[in-house]
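Structure file final00.txt with compact mmCIF, C-alpha atoms:
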```
# COMPACT_ATOMS: atom_id res chain seq x y z
CA MET X 1 19.78 39.79 -18.50
CA ASP X 2 17.23 39.43 -21.24
CA HIS X 3 17.57 43.07 -22.34
CA ALA X 4 21.08 43.07 -23.76
CA ASP X 5 21.93 45.84 -26.19
CA PRO X 6 21.32 44.33 -29.66
CA ALA X 7 24.44 45.92 -31.17
CA MET X 8 26.69 44.62 -28.39
CA LEU X 9 25.05 41.21 -28.51
CA ASP X 10 25.79 41.12 -32.22
CA LEU X 11 29.46 41.93 -31.54
CA VAL X 12 29.62 39.02 -29.14
CA LYS X 13 28.07 36.67 -31.68
CA GLN X 14 30.47 37.74 -34.42
CA ARG X 15 33.53 36.99 -32.32
CA LEU X 16 35.23 33.61 -32.00
CA TRP X 17 35.74 32.91 -28.31
CA PHE X 18 37.92 30.59 -26.28
CA TYR X 19 34.85 29.73 -24.19
CA GLN X 20 31.20 28.97 -24.80
CA PHE X 21 29.28 31.64 -22.91
CA GLU X 22 25.55 31.34 -22.43
CA LEU X 23 23.96 34.49 -23.83
CA PRO X 24 20.81 36.31 -22.66
CA ASP X 25 18.85 35.20 -25.73
CA GLY X 26 19.44 31.52 -24.99
CA THR X 27 22.22 31.00 -27.53
CA VAL X 28 25.92 30.39 -26.84
CA THR X 29 29.02 32.07 -28.20
CA ARG X 30 30.97 30.51 -31.03
CA SER X 31 34.20 28.91 -29.88
CA ASP X 32 37.17 27.79 -31.95
CA ILE X 33 38.09 25.18 -29.33
CA PRO X 34 37.26 21.52 -30.15
CA ALA X 35 34.22 20.22 -28.28
CA ARG X 36 36.22 17.61 -26.36
CA ILE X 37 38.61 20.31 -25.07
CA LEU X 38 35.71 22.54 -23.98
CA GLU X 39 35.06 19.90 -21.34
CA VAL X 40 38.01 21.39 -19.45
CA HIS X 41 35.96 24.56 -18.93
CA SER X 42 32.76 22.80 -17.95
CA THR X 43 34.66 20.59 -15.49
CA ARG X 44 36.33 23.59 -13.90
CA ALA X 45 33.02 25.43 -13.65
CA ARG X 46 31.25 22.47 -11.99
CA HIS X 47 33.94 22.12 -9.35
CA LEU X 48 34.05 25.87 -8.78
CA ARG X 49 30.32 25.99 -8.10
CA THR X 50 30.53 22.96 -5.80
CA VAL X 51 33.36 24.47 -3.75
CA ILE X 52 31.56 27.79 -3.34
CA GLU X 53 28.31 26.10 -2.34
CA GLN X 54 29.96 23.67 0.09
CA LYS X 55 32.86 25.69 1.51
CA VAL X 56 31.95 29.38 1.40
CA ALA X 57 29.43 30.71 3.90
CA ASP X 58 27.36 33.63 2.59
CA PRO X 59 29.48 34.53 -0.47
CA SER X 60 27.03 37.33 -1.33
CA ARG X 61 28.77 39.34 1.40
CA MET X 62 32.26 38.49 0.13
CA THR X 63 34.66 39.54 -2.61
CA ALA X 64 36.59 37.43 -5.12
CA ILE X 65 39.61 37.69 -7.39
CA ASP X 66 40.18 35.81 -10.65
CA PHE X 67 43.89 35.45 -11.51
CA ALA X 68 44.48 35.36 -15.29
CA SER X 69 40.80 35.98 -16.00
CA HIS X 70 41.22 35.66 -19.78
CA GLU X 71 37.85 36.35 -21.46
CA GLY X 72 36.04 36.37 -18.12
CA PHE X 73 34.36 32.97 -18.20
CA PHE X 74 35.09 32.07 -14.57
CA SER X 75 34.83 35.67 -13.41
CA LEU X 76 31.20 35.57 -14.53
CA GLU X 77 30.71 32.34 -12.60
CA LEU X 78 32.13 34.02 -9.52
CA ALA X 79 29.91 37.05 -10.10
CA LYS X 80 26.82 34.85 -9.65
CA TYR X 81 27.84 34.24 -6.03
CA PHE X 82 30.07 37.05 -4.75
CA ALA X 83 29.29 40.71 -4.06
CA SER X 84 32.13 41.84 -6.29
CA VAL X 85 34.75 40.20 -8.50
CA ARG X 86 38.04 41.55 -9.87
CA GLY X 87 39.73 39.82 -12.78
CA TYR X 88 43.44 40.32 -13.53
CA GLU X 89 44.53 39.63 -17.10
CA ILE X 90 47.72 40.47 -19.02
CA ARG X 91 46.33 40.56 -22.58
CA THR X 92 44.51 43.72 -23.68
CA GLU X 93 42.35 41.84 -26.18
CA SER X 94 41.14 39.43 -23.52
CA VAL X 95 40.36 42.25 -21.07
CA LEU X 96 38.26 44.03 -23.70
CA ALA X 97 36.46 40.80 -24.58
CA ALA X 98 35.75 40.12 -20.91
CA ARG X 99 34.30 43.59 -20.40
CA LEU X 100 32.11 43.13 -23.45
CA ILE X 101 30.69 39.76 -22.42
CA ALA X 102 30.15 40.95 -18.84
CA GLU X 103 28.12 43.92 -20.03
CA VAL X 104 26.06 41.84 -22.44
CA CYS X 105 25.35 39.29 -19.69
CA GLY X 106 24.46 41.99 -17.19
CA ALA X 107 27.26 41.17 -14.73
CA SER X 108 27.66 44.62 -13.19
CA ASN X 109 29.56 43.39 -10.12
CA VAL X 110 32.69 42.30 -11.99
CA ASP X 111 35.64 44.43 -13.04
CA PHE X 112 38.58 43.52 -15.25
CA VAL X 113 42.06 44.97 -14.74
CA GLU X 114 44.88 44.72 -17.26
CA ALA X 115 47.86 43.60 -15.18
CA ASP X 116 51.00 41.48 -15.35
CA LEU X 117 50.78 39.18 -12.34
CA ARG X 118 54.51 38.53 -12.57
CA ARG X 119 55.09 42.14 -11.53
CA LEU X 120 52.00 43.01 -9.52
CA GLU X 121 53.00 44.01 -5.97
CA PHE X 122 51.04 42.89 -2.94
CA ASP X 123 48.69 45.51 -1.55
CA PRO X 124 46.52 44.52 1.43
CA ALA X 125 43.78 46.80 0.11
CA LEU X 126 43.40 44.49 -2.91
CA SER X 127 42.81 41.34 -0.83
CA ALA X 128 39.67 39.26 -1.35
CA ASP X 129 37.85 36.51 0.51
CA PHE X 130 38.14 34.05 -2.39
CA VAL X 131 40.96 33.82 -4.94
CA LEU X 132 40.68 31.74 -8.10
CA VAL X 133 43.80 30.56 -9.96
CA PHE X 134 42.62 28.47 -12.91
CA GLY X 135 44.86 27.43 -15.81
CA LEU X 136 47.74 29.72 -14.88
CA ILE X 137 50.49 28.06 -12.84
CA TYR X 138 51.78 25.79 -15.62
CA HIS X 139 52.28 28.80 -17.91
CA LEU X 140 54.57 30.69 -15.52
CA GLU X 141 58.34 31.08 -15.51
CA ASP X 142 58.20 32.07 -11.84
CA PRO X 143 55.15 30.27 -10.39
CA LEU X 144 56.42 30.66 -6.81
CA ARG X 145 56.09 34.43 -6.90
CA VAL X 146 52.57 34.36 -8.34
CA LEU X 147 51.45 31.64 -5.93
CA ARG X 148 52.82 33.67 -3.03
CA LEU X 149 50.96 36.75 -4.31
CA ALA X 150 47.72 34.77 -4.65
CA ALA X 151 48.15 33.48 -1.11
CA GLN X 152 48.86 36.95 0.25
CA LEU X 153 45.71 38.32 -1.42
CA THR X 154 43.59 35.47 -0.06
CA ARG X 155 41.71 36.28 3.14
CA GLN X 156 40.21 32.81 3.44
CA HIS X 157 39.59 30.61 0.37
CA ILE X 158 41.77 29.74 -2.62
CA LEU X 159 41.02 27.40 -5.53
CA ILE X 160 43.80 26.40 -7.91
CA GLU X 161 43.57 24.38 -11.11
CA THR X 162 46.73 23.32 -12.89
CA GLN X 163 48.39 20.68 -14.96
CA VAL X 164 50.95 18.83 -12.87
CA PHE X 165 54.22 17.03 -13.42
CA PRO X 166 53.21 13.38 -13.01
CA TYR X 167 55.83 12.36 -10.43
CA ASP X 168 55.88 13.33 -6.76
CA VAL X 169 59.61 13.59 -6.12
CA SER X 170 61.05 13.80 -2.61
CA GLY X 171 64.42 13.27 -1.02
CA ILE X 172 67.31 15.37 0.26
CA VAL X 173 69.76 17.87 -1.20
CA GLU X 174 73.10 18.76 0.33
CA ASN X 175 73.45 22.23 1.80
CA GLY X 176 77.13 23.03 1.51
CA ALA X 177 78.43 19.81 3.02
CA TYR X 178 77.50 16.14 3.19
CA ASP X 179 76.36 16.46 6.81
CA SER X 180 74.15 19.49 6.17
CA GLN X 181 71.08 18.54 4.17
CA ARG X 182 67.65 19.89 3.35
CA PRO X 183 64.51 17.90 2.53
CA VAL X 184 63.05 18.10 -0.97
CA THR X 185 59.29 18.01 -1.28
CA GLY X 186 58.25 18.18 -4.91
CA VAL X 187 59.71 19.56 -8.11
CA PHE X 188 58.91 21.97 -10.91
CA ALA X 189 59.38 20.58 -14.42
CA LEU X 190 60.93 22.93 -16.97
CA THR X 191 59.09 23.14 -20.26
CA ALA X 192 58.65 25.47 -23.22
CA ASP X 193 55.61 27.73 -23.36
CA PHE X 194 53.98 29.72 -26.15
CA PRO X 195 53.65 33.45 -25.38
CA ASP X 196 52.49 34.28 -28.91
CA SER X 197 49.39 32.14 -28.48
CA ARG X 198 46.15 33.34 -26.93
CA GLU X 199 46.32 30.38 -24.52
CA GLY X 200 49.99 30.68 -23.63
CA GLY X 201 51.85 32.43 -20.85
CA ALA X 202 53.82 35.65 -20.97
CA SER X 203 57.23 34.08 -21.63
CA GLU X 204 58.69 31.19 -23.60
CA LEU X 205 59.48 29.12 -20.50
CA ALA X 206 57.31 27.60 -17.80
CA LEU X 207 57.70 25.52 -14.66
CA VAL X 208 55.03 22.88 -14.08
CA PRO X 209 54.61 21.78 -10.44
CA SER X 210 54.34 18.30 -9.09
CA LEU X 211 51.28 17.84 -6.90
CA ASN X 212 53.28 17.39 -3.71
CA ALA X 213 55.16 20.63 -4.44
CA LEU X 214 51.88 22.54 -4.81
CA LEU X 215 50.43 21.08 -1.61
CA TRP X 216 53.62 21.84 0.35
CA LEU X 217 53.59 25.44 -0.89
CA LEU X 218 49.98 25.97 0.16
CA ARG X 219 50.83 24.76 3.65
CA HIS X 220 53.90 26.98 3.67
CA PHE X 221 51.79 29.98 2.62
CA GLY X 222 49.44 29.55 5.55
CA PHE X 223 46.54 27.43 4.34
CA GLU X 224 45.18 25.14 7.02
CA GLU X 225 42.60 23.01 5.20
CA ILE X 226 43.94 21.70 1.87
CA ALA X 227 42.10 19.25 -0.36
CA VAL X 228 42.66 17.81 -3.82
CA LEU X 229 39.19 17.62 -5.33
CA PRO X 230 38.28 14.11 -6.48
CA ALA X 231 37.60 13.74 -10.19
CA ALA X 232 34.07 12.83 -11.21
CA ALA X 233 33.18 10.27 -13.87
CA ASP X 234 32.10 13.00 -16.30
CA ASP X 235 35.14 15.24 -15.76
CA TYR X 236 37.56 16.00 -18.57
CA GLU X 237 39.94 13.09 -19.08
CA GLN X 238 43.03 14.89 -17.76
CA PHE X 239 41.35 15.27 -14.38
CA ARG X 240 40.40 11.61 -14.32
CA ARG X 241 44.02 10.61 -15.03
CA GLY X 242 45.51 13.06 -12.51
CA ALA X 243 47.40 15.01 -15.17
CA ARG X 244 45.38 18.06 -14.16
CA VAL X 245 44.16 18.79 -10.63
CA ILE X 246 41.98 21.23 -8.69
CA VAL X 247 43.14 22.06 -5.18
CA TYR X 248 41.19 23.92 -2.52
CA GLY X 249 42.79 25.74 0.38
CA ARG X 250 41.38 27.59 3.38
CA LYS X 251 43.20 29.81 5.86
CA PRO X 252 42.34 29.66 9.55
CA VAL X 253 39.67 32.20 10.52
```

Write the structure described by the file as structure tokens, please.
Amino acid sequence: MDHADPAMLDLVKQRLWFYQFELPDGTVTRSDIPARILEVHSTRARHLRTVIEQKVADPSRMTAIDFASHEGFFSLELAKYFASVRGYEIRTESVLAARLIAEVCGASNVDFVEADLRRLEFDPALSADFVLVFGLIYHLEDPLRVLRLAAQLTRQHILIETQVFPYDVSGIVENGAYDSQRPVTGVFALTADFPDSREGGASELALVPSLNALLWLLRHFGFEEIAVLPAAADDYEQFRRGARVIVYGRKPV
């Protein structure tokens, strides 16, 4: 990794990034994100590494997928552990940036695919042992479809990070008559999103899950072991307050 092409390394250094990547010469990329917000990325990365090291046996023989891989920051983290990594990203500019930083950092086992996850169809041949879904769910107009797709593509491990609606709502809803009712476990909060922004979703609307809704869905999609990762003292403040969570799921072997 210490023999990066000087011209490509210079391109990386000229660009303003969403993330702070560590470069082969010991420097880091320039980011236009405030330092206090960058703690979101470092918190995610710490928990990702911990989950892989504690939950995944022999990842060097396994494959991984990164949903909404953006500029490839977490794909490169995955590439340090897994035999191969595939990142799916909707924005062309982000895909090109991810390919650039991966080449400069010498991550030859990661590939980036330009794809709209809202329309991507399930193909068993695309499945992976570990699926990462960081910073995506709360930007989606149809999070159920994408969560189902992520679950279908997961052979064993999934790790989801999302902002959550702060109230775990439950109760009953009538099903055609007062004496026919269905239980409600969780809600999705409707909010505006910002598709024109680099950090936004693909449409102007999004549904943000409550935590109990997310946990119920993971059980429904076949995950046996489900755990909300506890926040550490040095985590980004949203994690410490429970406004943002990381959830691990494992399917039965």

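Using all atoms listed in the file, the shortest contact distance between X:Pro24 and any of X:Gly106, X:Gly135, X:Pro183, X:Gly72 is found at X:Gly106.
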
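Closest approach to X:Ile246 among X:Phe134, X:Phe18, X:Phe112, X:Tyr81: X:Phe134, based on only C-alpha atoms.
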
TODO: May I ask for the distance between atom CA of X:Leu149 and atom CA of X:Ser69, given in Å to one decimal place?
DONE: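 Straight-line distance from atom CA of X:Leu149 to atom CA of X:Ser69 works out to 15.5 Å.
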
- [ ] Record the distance separating atom CA of X:Val247 and atom CA of X:Thr43, expressed in Å with one decimal.
- [x] 13.4 Å

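For the point (41.1, 24.6, 6.8), the residues with at least one atom inside 7 Å, counting only C-alpha atoms, are Phe223, Glu224, Glu225, Ile226, Gly249, Arg250, Lys251 and Pro252 of chain X.
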
Residues of the last selection are to be written out with C-alpha atoms, as a JSON list (two decimals), in the coordinates of the input.
```json
[["chain", "number", "residue", "atom", "x", "y", "z"],
["X", 223, "PHE", "CA", 46.54, 27.43, 4.34],
["X", 224, "GLU", "CA", 45.18, 25.14, 7.02],
["X", 225, "GLU", "CA", 42.60, 23.01, 5.20],
["X", 226, "ILE", "CA", 43.94, 21.70, 1.87],
["X", 249, "GLY", "CA", 42.79, 25.74, 0.38],
["X", 250, "ARG", "CA", 41.38, 27.59, 3.38],
["X", 251, "LYS", "CA", 43.20, 29.81, 5.86],
["X", 252, "PRO", "CA", 42.34, 29.66, 9.55]]
```

Open item on the list: List the spatial neighbours of X:Asp129 as a PyMOL selection string - criterion: any atom at most 12 Å away, only C-alpha atoms, same-chain residues fewer than 6 positions off excluded.
Closed with: chain X and resi 52+55-66+78+82-86+150-159+249-251+253

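Atom CA of X:Leu144 is positioned 10.5 Å from atom CA of X:Phe221.
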
Tell me which protein, DNA and RNA residues are within 10 Å of X:Thr185, counting all atoms listed in the file, leaving out same-chain ones fewer than 4 positions away, and put them as a compact mmCIF listing (two decimals) with C-alpha atoms, in the frame of the given file.
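Contents of result-v2.txt, as written:
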```txt
# COMPACT_ATOMS: atom_id res chain seq x y z
CA ASP X 168 55.88 13.33 -6.76
CA VAL X 169 59.61 13.59 -6.12
CA SER X 170 61.05 13.80 -2.61
CA GLY X 171 64.42 13.27 -1.02
CA ILE X 172 67.31 15.37 0.26
CA SER X 210 54.34 18.30 -9.09
CA LEU X 211 51.28 17.84 -6.90
CA ASN X 212 53.28 17.39 -3.71
CA ALA X 213 55.16 20.63 -4.44
CA LEU X 214 51.88 22.54 -4.81
CA LEU X 215 50.43 21.08 -1.61
CA TRP X 216 53.62 21.84 0.35
CA LEU X 217 53.59 25.44 -0.89
```
